[in-house]
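Take a look at the structure set out below.
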There are 2 protein chains.
Amino acid sequence: MAATIRDVAKVAGVGLGTVSRVLNQSPLVSAATRQRVLSVIAELRYNPSQLARTFALGKTLTVAALAPFFTRPSVVERLRGVEATLAAAGYHLVVFNVEAVARRDECLRDAARSDRADGLLIISLAPRPAEVNAFREAGLPVVLIDTFAEGLPGVSIDDVAGGALATNHLIALGHTRIAFIGDPQEDPLTFNFTSSHDRLLGYQQALAAANLPLPSAYQRHGLHGRYEARVLARELLQLPEPPSAIFAASDTQAMGVLEAARDLDIPVPQALAVVGFDDIDIAEYLGLTTVRQPLFESGARAVELLFLMLSGASAPPAEQVPVELVVRRTSAPLG
Amino acid sequence: MAATIRDVAKVAGVGLGTVSRVLNQSPLVSAATRQRVLSVIAELRYNPSQLARTFALGKTLTVAALAPFFTRPSVVERLRGVEATLAAAGYHLVVFNVEAVARRDECLRDAARSDRADGLLIISLAPRPAEVNAFREAGLPVVLIDTFAEGLPGVSIDDVAGGALATNHLIALGHTRIAFIGDPQEDPLTFNFTSSHDRLLGYQQALAAANLPLPSAYQRHGLHGRYEARVLARELLQLPEPPSAIFAASDTQAMGVLEAARDLDIPVPQALAVVGFDDIDIAEYLGLTTVRQPLFESGARAVELLFLMLSGASAPPAEQVPVELVVRRTSAPLG
DNA sequence: CGTTCCATTGGAACTAGTTCCAGCGTAGCA
DNA sequence: TGCTACGCTGGAACTAGTTCCAATGGAACG
């Protein structure tokens with residue numbers, strides 16, 4: 001059996017509290033006593049039970065993060081920011097990968113109920129009002145990343161502006177037939193609050209502002225994935241009057257568009273301009289023009305906000321981080 | 001203040017043990033009592049403290065996973081397998097992203113000391129004998145993924161055979177000048193046990209078996225990354241007698257090779273064949289010929305082994321999962 | 001020498017569950 | 001009717017820390 005704090009106290013001939021004080025660097029211990037206790041600790045190879053400690057403290061030093069499809073490069077990069085910031089503060093990160101609606105609901109419910117984490121980060125998933133309420137009642141601090149919910153702090157970008165940024169870039173290049181490919185408009189997993197939706201809005205606003213037509217046939221929606229986007233892009237490119245540019249709501253989907261262009265022997269950017277969103281790692285490799293958002297930083301910042309709440313501050317307001325157009329080889333003036 | 005099990009017992013007019021029995025589905029409670037307790041639980045909105053439960057049980061229902069650079073697609077895919085299997089069993093996954101030697105050592109030490117996880121998974125990092133010992137002494141079950149260590153169970157592949165598989169494919173296509181690009185031979189992070197090393201071995205064996213020369217200039221090592229591989233590949237391709245084929249120890253590195261070929265206007269596969277390793281998601285997109293290993297399954301299987309150990313079984317032997325050559329568009333008969 | 005004060009110390013109480021043993025009541029049986 | 005057996009129940013003890021209050025002892029000071 002492993003030694004306990006009581007064993008240490010007995011062997012060192014001191015009280016429980018004294019050992020605890022030594023362990024917690026309390027100044028209320030004389031140097032001599034501290035030395036004696038430390039040597040007994042070494043002698044007994046004592047190491048304090050984290051389990052008991054978290055129990056007594058009522059804190060887990062753990063933060064949970066909920067993400068849909070954590071294999072998506074953008075999500076992974078956000079999680080990296082989260083993990084790095086948590087680790088620096090001695091916190092643990094437990095991750096939940098949500099790939100089905102049932103698990104989404106279950107995870108959110110359990111998170112509110114259980115006390116296995118001191119705080120919760122939710123990535124790209126919007127909690128319902130009832131769920132927000134459950135968090136409040138449970139006193140569980142929550143910070144959102146890449147979504148919104150009434151009354152919850154979060155870190156996100158201005159997706160509307162981002163969508164407009166991409167679209168205006170294409171307009172400035174002389175394109176007039178600009179299509180959009182994004183996530184499904186009705187998604188039970190994300191409760192319909194997708195960044196894709198707002199990016200579509202920005203796209204529509206930019207086109208309207210430029211007095212360009214907005215044919216509904218140019219707006220396609222499909223599951224967030226390369227393959228689905230490839231199918232949608234092929235449909236677009238085989239239209240009687242195909243678009244000369246496609247704005248995809250994510251780099252992953254833009255990759256599908258590039259595949260479709262390859263399938264149909266359509267040269268990019270000569271005959272088709274493609275713009276993505278996120279600037280994931282691979283975008284640079286592919287020479288993809290895209291809208292960059294600070295993924296790592298969004299995770300890091302969200303953790304900072306969470307720490308603020310853990311230290312007793314009331315919920316800070318939702319924050320936005322800036323986006324930026326990165327022009328590469330998949331967009332060029334209309335030839 | 002949240003209700004405790006004692007509050008429930010008092011209000012329901014039963015004993016502590018009875019409430020606990022109801023919570024744990026013990027059959028030793030009469031239906032009437034169970035009903036009463038359940039209704040009081042609902043009435044008080046009682047939910048049991050996981051913290052206290054964990055403490056009393058001495059189990060955390062949590063597994064820790066250590067991975068170097070968890071942004072690497074292959075690691076993410078393994079983690080997805082890990083998470084899915086853990087979640088199905090009601091376990092939590094806490095991840096540690098190791099990107100520096102200091103953190104590697106710290107994480108391994110802490111993992112052995114702390115009781116914040118019931119088991120540990122180590123991905124692509126070989127623990128030193130002293131560390132293996134610390135795990136044994138701490139009674140912490142450990143399962144390795146993609147590495148080996150004396151006395152620890154693990155899930156891996158036959159990297160030597162995989163390396164030979166890739167190389168023999170190139171030899172069969174008629175190539176005789178075949179180069180290799182892999183991870184550094186001395187890597188403090190992985191304690192020199194890299195899969196890259198064994199893949200190099202397979203490469204060397206295959207070439208030797210075919211009586212082909214093995215110029216050391218054809219074997220290059222650099223940090224695991226696209227950019228580093230691109231630089232190395234460029235060096236190779238600018239050699240007086242450049243290779244006609246390059247085997248990269250990972251798909252990520254193979255991507256760097258493809259970039260280098262593009263930089264130098266060398267057509268793939270006509271003038272240069274490229275073979276990668278892992279078959280990460282993007283490999284198919286790029287048409288990369290590669291050696292596929294079951295990444296998701298390796299994570300899932302490792303968790304199964306860990307559960308076996310948690311249920312009291314002694315450490316099972318290390319296992320190997322099969323690899324398979326996937327021929328795509330980056331390799332062709334020498335023209 | 002008595003008093004005050006402060007640094008240091010000891011340990012009971014607390015955190016919220018689980019476990020296990022003793023006890024109780026009733027049913028079954030002789 | 002008495003005895004046994006068994007289903008159900010109550011609650012003390014336990015998990016291993018932290019916290020806080022009271023106590024102790026010695027120094028400083030009048």
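By convention here, the chains of the structure tokens are called A, B, ... in the order presented, each chain's residues are numbered starting at 1, and ligands are numbered starting at 1 in the order presented.
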Taking only C-alpha atoms (C1' of nucleotides) into account and nothing else, which residues of chain C lie no more than 8 Å away from chain B? Please answer as a PDB file with N, CA and C atoms (P, O5', C5', C4', C3', O3' and C1' of nucleotides), in the first residue's frame.
ATOM      1  P    DT C  15     -18.912  18.851   4.652  1.00  0.00           P
ATOM      2  O5'  DT C  15     -18.170  18.442   3.317  1.00  0.00           O
ATOM      3  C5'  DT C  15     -17.411  19.388   2.568  1.00  0.00           C
ATOM      4  C4'  DT C  15     -16.653  18.652   1.507  1.00  0.00           C
ATOM      5  C3'  DT C  15     -17.432  17.510   0.888  1.00  0.00           C
ATOM      6  O3'  DT C  15     -18.064  17.964  -0.291  1.00  0.00           O
ATOM      7  C1'  DT C  15     -15.167  16.865   1.405  1.00  0.00           C
ATOM      8  P    DA C  16     -19.684  17.769  -0.420  1.00  0.00           P
ATOM      9  O5'  DA C  16     -19.847  16.261  -0.906  1.00  0.00           O
ATOM     10  C5'  DA C  16     -19.315  15.882  -2.151  1.00  0.00           C
ATOM     11  C4'  DA C  16     -19.390  14.382  -2.260  1.00  0.00           C
ATOM     12  C3'  DA C  16     -20.784  13.794  -2.005  1.00  0.00           C
ATOM     13  O3'  DA C  16     -20.991  12.768  -2.953  1.00  0.00           O
ATOM     14  C1'  DA C  16     -19.233  12.724  -0.652  1.00  0.00           C
ATOM     15  P    DG C  17     -22.459  12.303  -3.319  1.00  0.00           P
ATOM     16  O5'  DG C  17     -22.081  11.018  -4.169  1.00  0.00           O
ATOM     17  C5'  DG C  17     -22.127   9.740  -3.609  1.00  0.00           C
ATOM     18  C4'  DG C  17     -20.758   9.104  -3.633  1.00  0.00           C
ATOM     19  C3'  DG C  17     -20.763   7.612  -3.353  1.00  0.00           C
ATOM     20  O3'  DG C  17     -20.771   6.928  -4.594  1.00  0.00           O
ATOM     21  C1'  DG C  17     -19.146   8.730  -1.984  1.00  0.00           C
ATOM     22  P    DT C  18     -21.394   5.444  -4.620  1.00  0.00           P
ATOM     23  O5'  DT C  18     -20.295   4.626  -3.789  1.00  0.00           O
ATOM     24  C5'  DT C  18     -19.019   4.392  -4.352  1.00  0.00           C
ATOM     25  C4'  DT C  18     -18.255   3.420  -3.463  1.00  0.00           C
ATOM     26  C3'  DT C  18     -18.887   2.041  -3.342  1.00  0.00           C
ATOM     27  O3'  DT C  18     -17.837   1.082  -3.423  1.00  0.00           O
ATOM     28  C1'  DT C  18     -18.608   2.980  -1.176  1.00  0.00           C
TER      29       DT C  18
END
Could I get chain B fitted onto chain A (least squares, all C-alpha atoms, in order) as a compact mmCIF listing (two decimals) with C-alpha atoms, in the first residue's frame?
# COMPACT_ATOMS: atom_id res chain seq x y z
CA MET B 1 -0.03 -0.01 -0.12
CA ALA B 2 1.14 3.45 -0.94
CA ALA B 3 2.06 5.76 1.91
CA THR B 4 -0.49 8.37 2.93
CA ILE B 5 -0.09 11.74 4.46
CA ARG B 6 -0.84 10.17 7.83
CA ASP B 7 2.04 7.73 7.48
CA VAL B 8 4.36 10.60 6.73
CA ALA B 9 3.07 12.54 9.73
CA LYS B 10 3.55 9.57 12.02
CA VAL B 11 7.07 8.74 10.89
CA ALA B 12 8.14 12.36 10.93
CA GLY B 13 6.55 12.81 14.32
CA VAL B 14 4.53 15.80 13.22
CA GLY B 15 0.86 16.53 12.71
CA LEU B 16 -1.23 16.00 9.63
CA GLY B 17 -1.57 19.69 9.02
CA THR B 18 2.16 20.21 9.04
CA VAL B 19 2.74 17.69 6.29
CA SER B 20 -0.03 19.26 4.28
CA ARG B 21 1.56 22.66 4.80
CA VAL B 22 4.90 21.39 3.61
CA LEU B 23 3.28 19.93 0.53
CA ASN B 24 1.55 23.19 -0.22
CA GLN B 25 4.57 25.41 0.30
CA SER B 26 2.90 27.17 3.18
CA PRO B 27 5.26 29.61 4.91
CA LEU B 28 3.86 28.55 8.29
CA VAL B 29 6.41 25.79 8.80
CA SER B 30 9.82 26.16 10.37
CA ALA B 31 12.77 25.32 8.18
CA ALA B 32 13.81 22.46 10.46
CA THR B 33 10.37 20.84 10.42
CA ARG B 34 10.10 21.26 6.68
CA GLN B 35 13.42 19.52 6.21
CA ARG B 36 12.41 16.61 8.40
CA VAL B 37 9.11 16.16 6.65
CA LEU B 38 10.73 16.36 3.24
CA SER B 39 13.25 13.71 4.13
CA VAL B 40 10.52 11.39 5.40
CA ILE B 41 8.57 11.99 2.20
CA ALA B 42 11.60 10.97 0.21
CA GLU B 43 12.28 8.01 2.46
CA LEU B 44 8.75 6.63 2.20
CA ARG B 45 8.60 7.49 -1.51
CA TYR B 46 5.39 9.22 -0.69
CA ASN B 47 3.43 10.92 -3.40
CA PRO B 48 0.21 12.64 -2.58
CA SER B 49 -2.97 11.25 -4.07
CA GLN B 50 -4.24 13.61 -6.70
CA LEU B 51 -7.57 11.91 -6.36
CA ALA B 52 -7.94 12.78 -2.71
CA ARG B 53 -6.56 16.24 -3.26
CA THR B 54 -9.01 16.91 -6.04
CA PHE B 55 -11.81 15.65 -3.85
CA ALA B 56 -10.91 17.74 -0.84
CA LEU B 57 -10.40 20.81 -2.97
CA GLY B 58 -13.53 20.28 -4.99
CA LYS B 59 -11.55 21.08 -8.11
CA THR B 60 -10.34 18.79 -10.81
CA LEU B 61 -7.74 20.96 -12.53
CA THR B 62 -9.25 19.57 -15.68
CA VAL B 63 -11.04 21.21 -18.56
CA ALA B 64 -13.22 19.37 -21.02
CA ALA B 65 -13.40 20.20 -24.70
CA LEU B 66 -16.23 19.14 -26.95
CA ALA B 67 -15.59 19.11 -30.67
CA PRO B 68 -17.43 17.74 -33.66
CA PHE B 69 -15.09 15.64 -35.74
CA PHE B 70 -11.86 16.43 -34.04
CA THR B 71 -10.05 15.02 -37.03
CA ARG B 72 -10.79 18.16 -38.99
CA PRO B 73 -7.54 20.03 -39.36
CA SER B 74 -9.08 23.28 -38.18
CA VAL B 75 -10.40 21.65 -35.02
CA VAL B 76 -7.10 19.94 -34.30
CA GLU B 77 -5.28 23.23 -34.58
CA ARG B 78 -7.70 24.89 -32.17
CA LEU B 79 -7.27 22.00 -29.76
CA ARG B 80 -3.54 22.40 -29.97
CA GLY B 81 -3.94 25.97 -28.78
CA VAL B 82 -6.24 24.78 -26.02
CA GLU B 83 -3.90 22.05 -24.86
CA ALA B 84 -0.82 24.24 -24.87
CA THR B 85 -2.47 26.92 -22.76
CA LEU B 86 -3.99 24.45 -20.33
CA ALA B 87 -0.75 22.53 -19.93
CA ALA B 88 1.13 25.73 -19.16
CA ALA B 89 -1.24 26.26 -16.23
CA GLY B 90 -1.00 22.66 -15.01
CA TYR B 91 -4.47 21.79 -16.24
CA HIS B 92 -5.47 18.61 -17.99
CA LEU B 93 -7.52 18.46 -21.17
CA VAL B 94 -10.12 15.81 -21.72
CA VAL B 95 -11.53 15.68 -25.21
CA PHE B 96 -14.87 14.52 -26.49
CA ASN B 97 -15.21 13.78 -30.16
CA VAL B 98 -18.77 14.31 -31.28
CA GLU B 99 -19.67 12.61 -34.51
CA ALA B 100 -23.34 11.89 -33.93
CA VAL B 101 -26.31 13.78 -32.60
CA ALA B 102 -26.94 11.31 -29.83
CA ARG B 103 -23.46 11.78 -28.50
CA ARG B 104 -23.71 15.56 -28.80
CA ASP B 105 -26.72 15.60 -26.50
CA GLU B 106 -25.27 13.05 -24.14
CA CYS B 107 -21.97 14.89 -23.83
CA LEU B 108 -23.61 18.23 -23.15
CA ARG B 109 -25.90 16.72 -20.56
CA ASP B 110 -23.15 14.85 -18.80
CA ALA B 111 -20.86 17.85 -18.86
CA ALA B 112 -23.44 19.92 -17.02
CA ARG B 113 -24.14 17.20 -14.49
CA SER B 114 -20.80 15.80 -13.69
CA ASP B 115 -18.12 17.57 -11.76
CA ARG B 116 -15.29 15.87 -13.54
CA ALA B 117 -14.12 19.10 -15.14
CA ASP B 118 -13.84 22.63 -13.80
CA GLY B 119 -14.81 24.16 -17.09
CA LEU B 120 -16.01 23.35 -20.56
CA LEU B 121 -14.98 24.43 -24.03
CA ILE B 122 -17.37 23.85 -26.88
CA ILE B 123 -15.99 24.02 -30.38
CA SER B 124 -18.23 24.64 -33.40
CA LEU B 125 -21.33 23.40 -31.64
CA ALA B 126 -24.06 25.72 -30.42
CA PRO B 127 -25.75 24.65 -27.19
CA ARG B 128 -29.51 25.09 -27.00
CA PRO B 129 -30.99 27.57 -24.53
CA ALA B 130 -32.00 24.72 -22.24
CA GLU B 131 -28.45 23.47 -22.27
CA VAL B 132 -27.06 26.92 -21.56
CA ASN B 133 -29.41 27.02 -18.62
CA ALA B 134 -28.20 23.69 -17.33
CA PHE B 135 -24.64 24.99 -17.39
CA ARG B 136 -25.61 28.07 -15.46
CA GLU B 137 -27.47 26.04 -12.87
CA ALA B 138 -24.59 23.65 -12.51
CA GLY B 139 -22.24 26.60 -12.12
CA LEU B 140 -20.07 25.24 -14.87
CA PRO B 141 -18.10 27.90 -16.73
CA VAL B 142 -18.36 27.45 -20.47
CA VAL B 143 -16.53 29.16 -23.30
CA LEU B 144 -17.50 28.68 -26.93
CA ILE B 145 -15.15 28.55 -29.87
CA ASP B 146 -16.44 29.21 -33.36
CA THR B 147 -20.07 29.51 -32.29
CA PHE B 148 -22.47 31.67 -30.35
CA ALA B 149 -25.06 31.21 -27.70
CA GLU B 150 -27.02 33.78 -25.79
CA GLY B 151 -25.25 34.56 -22.55
CA LEU B 152 -22.12 32.49 -23.08
CA PRO B 153 -18.68 33.97 -23.70
CA GLY B 154 -16.85 32.83 -26.76
CA VAL B 155 -14.10 33.35 -29.25
CA SER B 156 -15.09 33.53 -32.86
CA ILE B 157 -14.57 35.43 -36.04
CA ASP B 158 -16.84 37.62 -38.10
CA ASP B 159 -17.90 34.94 -40.53
CA VAL B 160 -20.11 37.31 -42.46
CA ALA B 161 -17.21 39.67 -43.04
CA GLY B 162 -15.00 36.70 -43.89
CA GLY B 163 -17.48 35.46 -46.45
CA ALA B 164 -17.68 38.95 -47.94
CA LEU B 165 -13.89 39.22 -47.98
CA ALA B 166 -13.56 36.07 -50.07
CA THR B 167 -16.40 37.03 -52.38
CA ASN B 168 -15.19 40.59 -52.90
CA HIS B 169 -11.79 39.24 -53.80
CA LEU B 170 -13.41 37.21 -56.57
CA ILE B 171 -15.52 40.15 -57.67
CA ALA B 172 -12.42 42.36 -57.80
CA LEU B 173 -10.81 39.79 -60.07
CA GLY B 174 -13.66 40.33 -62.50
CA HIS B 175 -15.76 37.29 -61.74
CA THR B 176 -19.50 37.62 -62.01
CA ARG B 177 -20.61 34.01 -61.90
CA ILE B 178 -19.57 33.09 -58.38
CA ALA B 179 -20.90 29.97 -56.68
CA PHE B 180 -20.91 28.89 -53.05
CA ILE B 181 -20.45 25.49 -51.46
CA GLY B 182 -21.08 25.08 -47.74
CA ASP B 183 -22.36 22.89 -44.93
CA PRO B 184 -25.98 21.70 -44.76
CA GLN B 185 -28.41 24.43 -43.82
CA GLU B 186 -30.18 22.13 -41.43
CA ASP B 187 -27.76 20.34 -39.21
CA PRO B 188 -29.01 18.76 -35.99
CA LEU B 189 -25.47 18.39 -34.74
CA THR B 190 -24.70 22.08 -34.76
CA PHE B 191 -28.27 23.13 -34.11
CA ASN B 192 -28.10 25.16 -37.36
CA PHE B 193 -25.56 27.62 -36.04
CA THR B 194 -22.75 26.96 -38.46
CA SER B 195 -20.04 29.31 -39.48
CA SER B 196 -20.82 28.12 -42.99
CA HIS B 197 -24.20 29.77 -42.70
CA ASP B 198 -22.72 33.17 -41.88
CA ARG B 199 -20.13 32.85 -44.59
CA LEU B 200 -22.94 32.29 -47.04
CA LEU B 201 -24.55 35.45 -45.72
CA GLY B 202 -21.36 37.43 -46.37
CA TYR B 203 -21.21 35.95 -49.84
CA GLN B 204 -24.78 36.97 -50.55
CA GLN B 205 -24.27 40.47 -49.20
CA ALA B 206 -21.13 41.02 -51.26
CA LEU B 207 -22.83 39.88 -54.44
CA ALA B 208 -25.87 42.03 -53.73
CA ALA B 209 -23.68 45.05 -53.01
CA ALA B 210 -22.00 44.56 -56.38
CA ASN B 211 -25.35 44.21 -58.10
CA LEU B 212 -24.48 40.71 -59.21
CA PRO B 213 -27.10 38.00 -59.64
CA LEU B 214 -27.58 35.41 -56.93
CA PRO B 215 -28.96 32.33 -58.65
CA SER B 216 -30.00 29.75 -56.11
CA ALA B 217 -28.54 27.08 -58.37
CA TYR B 218 -25.16 28.53 -57.46
CA GLN B 219 -25.60 27.81 -53.78
CA ARG B 220 -24.99 24.24 -52.80
CA HIS B 221 -24.94 22.53 -49.44
CA GLY B 222 -23.59 19.21 -48.35
CA LEU B 223 -21.95 17.45 -45.43
CA HIS B 224 -18.66 19.00 -44.47
CA GLY B 225 -16.22 16.85 -46.37
CA ARG B 226 -13.99 16.69 -49.38
CA TYR B 227 -15.97 14.04 -51.14
CA GLU B 228 -19.34 15.73 -50.73
CA ALA B 229 -17.92 19.04 -51.93
CA ARG B 230 -16.40 17.32 -54.93
CA VAL B 231 -19.79 16.00 -55.97
CA LEU B 232 -21.44 19.40 -55.49
CA ALA B 233 -18.68 21.17 -57.41
CA ARG B 234 -19.00 18.74 -60.27
CA GLU B 235 -22.71 19.53 -60.46
CA LEU B 236 -21.96 23.24 -60.52
CA LEU B 237 -19.32 22.91 -63.19
CA GLN B 238 -21.62 20.90 -65.41
CA LEU B 239 -24.38 23.50 -65.27
CA PRO B 240 -25.34 24.99 -68.68
CA GLU B 241 -23.81 28.22 -67.47
CA PRO B 242 -21.15 27.11 -64.98
CA PRO B 243 -19.62 29.52 -62.47
CA SER B 244 -16.16 30.93 -63.12
CA ALA B 245 -15.41 31.03 -59.42
CA ILE B 246 -16.37 28.98 -56.40
CA PHE B 247 -16.16 30.10 -52.79
CA ALA B 248 -16.09 27.14 -50.44
CA ALA B 249 -16.99 27.62 -46.79
CA SER B 250 -13.90 25.68 -45.70
CA ASP B 251 -10.56 24.63 -47.07
CA THR B 252 -11.61 21.00 -46.82
CA GLN B 253 -14.51 21.70 -49.12
CA ALA B 254 -12.30 23.81 -51.39
CA MET B 255 -10.13 20.73 -51.79
CA GLY B 256 -13.14 18.87 -53.07
CA VAL B 257 -13.73 21.66 -55.56
CA LEU B 258 -10.15 21.37 -56.81
CA GLU B 259 -10.67 17.65 -57.26
CA ALA B 260 -13.82 18.25 -59.28
CA ALA B 261 -11.98 20.71 -61.51
CA ARG B 262 -9.29 18.12 -62.05
CA ASP B 263 -11.92 15.47 -62.81
CA LEU B 264 -13.37 17.71 -65.52
CA ASP B 265 -10.04 18.98 -66.81
CA ILE B 266 -10.89 22.53 -65.90
CA PRO B 267 -7.67 24.48 -65.30
CA VAL B 268 -7.40 26.39 -62.01
CA PRO B 269 -7.16 29.37 -61.84
CA GLN B 270 -7.42 30.00 -65.60
CA ALA B 271 -10.95 28.75 -66.05
CA LEU B 272 -12.00 28.48 -62.45
CA ALA B 273 -11.04 30.46 -59.36
CA VAL B 274 -11.34 28.75 -55.99
CA VAL B 275 -11.31 30.36 -52.56
CA GLY B 276 -11.48 28.44 -49.31
CA PHE B 277 -11.74 29.36 -45.67
CA ASP B 278 -9.64 28.69 -42.52
CA ASP B 279 -6.13 28.47 -43.93
CA ILE B 280 -5.45 25.03 -42.58
CA ASP B 281 -1.96 23.63 -42.87
CA ILE B 282 -2.54 21.98 -46.21
CA ALA B 283 -3.89 25.12 -47.88
CA GLU B 284 -0.42 26.50 -48.38
CA TYR B 285 0.71 23.20 -49.87
CA LEU B 286 -2.10 23.29 -52.37
CA GLY B 287 -1.59 26.97 -53.15
CA LEU B 288 -5.17 27.57 -52.12
CA THR B 289 -6.41 31.14 -51.85
CA THR B 290 -8.29 31.32 -48.58
CA VAL B 291 -9.47 33.39 -45.64
CA ARG B 292 -7.16 32.87 -42.72
CA GLN B 293 -8.43 32.77 -39.18
CA PRO B 294 -6.16 32.33 -36.17
CA LEU B 295 -7.04 28.77 -35.17
CA PHE B 296 -4.39 28.06 -32.57
CA GLU B 297 -4.92 31.48 -31.02
CA SER B 298 -8.67 30.98 -30.82
CA GLY B 299 -8.12 27.92 -28.64
CA ALA B 300 -5.55 29.67 -26.49
CA ARG B 301 -7.73 32.73 -26.03
CA ALA B 302 -10.76 30.64 -25.11
CA VAL B 303 -8.77 29.00 -22.33
CA GLU B 304 -7.72 32.41 -21.07
CA LEU B 305 -11.35 33.45 -20.89
CA LEU B 306 -12.19 30.24 -19.09
CA PHE B 307 -9.43 30.86 -16.53
CA LEU B 308 -10.84 34.32 -15.99
CA MET B 309 -14.18 32.77 -15.13
CA LEU B 310 -12.57 30.13 -12.93
CA SER B 311 -10.90 32.88 -10.96
CA GLY B 312 -14.31 34.20 -10.12
CA ALA B 313 -14.81 36.85 -12.75
CA SER B 314 -18.24 37.02 -14.31
CA ALA B 315 -18.62 35.86 -17.87
CA PRO B 316 -16.70 38.15 -20.22
CA PRO B 317 -18.37 39.22 -23.46
CA ALA B 318 -17.90 37.18 -26.61
CA GLU B 319 -14.79 38.15 -28.53
CA GLN B 320 -13.86 38.22 -32.16
CA VAL B 321 -10.45 37.58 -33.63
CA PRO B 322 -9.51 39.05 -37.02
CA VAL B 323 -9.55 37.29 -40.38
CA GLU B 324 -7.34 37.95 -43.33
CA LEU B 325 -7.39 37.11 -47.02
CA VAL B 326 -4.46 34.99 -48.22
CA VAL B 327 -4.13 35.08 -51.98
CA ARG B 328 -2.35 32.10 -53.51
CA ARG B 329 -2.49 30.25 -56.80
CA THR B 330 -6.13 29.20 -57.09
CA SER B 331 -7.51 32.63 -57.82
CA ALA B 332 -6.61 34.92 -60.70
CA PRO B 333 -8.18 37.68 -62.78
CA LEU B 334 -10.88 36.36 -65.04
CA GLY B 335 -9.09 35.60 -68.31
Practice task
Give as a list in words every residue of chain D that touches chain B within 8 Å, counting only C-alpha atoms (C1' of nucleotides).
Solution key: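 Result, ordered by chain then number: DG7, DC8, DT9, DG10, DG11 and DT15 of chain D.
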Any chance you can output those residues with N, CA and C atoms (P, O5', C5', C4', C3', O3' and C1' of nucleotides) as a JSON list (two decimals), in the first residue's frame?
[["chain", "number", "residue", "atom", "x", "y", "z"],
["D", 7, "DG", "P", -32.41, -14.11, -0.22],
["D", 7, "DG", "O5'", -33.36, -12.87, -0.49],
["D", 7, "DG", "C5'", -34.76, -12.98, -0.19],
["D", 7, "DG", "C4'", -35.24, -11.66, 0.40],
["D", 7, "DG", "C3'", -34.63, -10.43, -0.28],
["D", 7, "DG", "O3'", -35.67, -9.47, -0.47],
["D", 7, "DG", "C1'", -34.18, -10.36, 2.04],
["D", 8, "DC", "P", -35.44, -8.18, -1.39],
["D", 8, "DC", "O5'", -35.08, -7.10, -0.28],
["D", 8, "DC", "C5'", -36.10, -6.74, 0.65],
["D", 8, "DC", "C4'", -35.46, -5.98, 1.78],
["D", 8, "DC", "C3'", -34.78, -4.66, 1.41],
["D", 8, "DC", "O3'", -35.66, -3.62, 1.84],
["D", 8, "DC", "C1'", -33.63, -5.85, 3.14],
["D", 9, "DT", "P", -35.31, -2.10, 1.55],
["D", 9, "DT", "O5'", -34.46, -1.72, 2.83],
["D", 9, "DT", "C5'", -35.05, -1.89, 4.13],
["D", 9, "DT", "C4'", -34.02, -1.58, 5.20],
["D", 9, "DT", "C3'", -33.28, -0.26, 5.01],
["D", 9, "DT", "O3'", -33.67, 0.61, 6.05],
["D", 9, "DT", "C1'", -31.83, -2.04, 5.70],
["D", 10, "DG", "P", -33.27, 2.16, 5.99],
["D", 10, "DG", "O5'", -32.13, 2.20, 7.09],
["D", 10, "DG", "C5'", -32.39, 1.68, 8.38],
["D", 10, "DG", "C4'", -31.15, 1.80, 9.24],
["D", 10, "DG", "C3'", -30.42, 3.13, 9.11],
["D", 10, "DG", "O3'", -30.12, 3.58, 10.43],
["D", 10, "DG", "C1'", -28.93, 1.32, 8.61],
["D", 11, "DG", "P", -29.55, 5.05, 10.67],
["D", 11, "DG", "O5'", -27.99, 4.76, 10.74],
["D", 11, "DG", "C5'", -27.48, 3.86, 11.72],
["D", 11, "DG", "C4'", -26.02, 3.63, 11.47],
["D", 11, "DG", "C3'", -25.22, 4.91, 11.17],
["D", 11, "DG", "O3'", -23.94, 4.76, 11.77],
["D", 11, "DG", "C1'", -24.86, 3.40, 9.47],
["D", 15, "DT", "P", -8.54, 3.67, 4.84],
["D", 15, "DT", "O5'", -8.76, 4.40, 3.45],
["D", 15, "DT", "C5'", -9.10, 3.67, 2.27],
["D", 15, "DT", "C4'", -9.46, 4.65, 1.19],
["D", 15, "DT", "C3'", -8.56, 5.88, 1.19],
["D", 15, "DT", "O3'", -7.52, 5.68, 0.24],
["D", 15, "DT", "C1'", -10.89, 6.48, 0.95]]
Practice task
Going by DSSP on the backbone, which bits of region 164-253 of chain A are alpha helix (DSSP H)? Write them as a ChimeraX atom specification, please.
Solution key: /A:164-172,195-209,226-237,251-253
Handout entry: Point-to-point distance from C1' of DA13 (chain D) to C1' of DA22 (chain C), Å rounded to tenths
Key =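 Taking C1' of DA13 (chain D) and C1' of DA22 (chain C), their separation equals 13.4 Å.
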Practice task
Run DSSP on the backbone and grab whatever in region 53-254 of chain A lands in strand (DSSP E or B); send it over as JSON, numbers by chain.
Solution key: {"A": [62, 63, 64, 65, 66, 67, 68, 92, 93, 94, 95, 96, 97, 98, 119, 120, 121, 122, 123, 142, 143, 144, 145, 154, 155, 156, 178, 179, 180, 181, 182, 219, 220, 221, 245, 246, 247, 248]}
Problem - Surrounding residues of region 20-26 of chain D excluding itself and chain neighbours under 4 positions, 9 Å, only C-alpha atoms (C1' of nucleotides), as a ChimeraX atom specification - result: /C:8-10
Problem - Between C1' of DC20 (chain C) and C1' of DT4 (chain D) - distance in Å to one decimal - result: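 The value is 22.8 Å.
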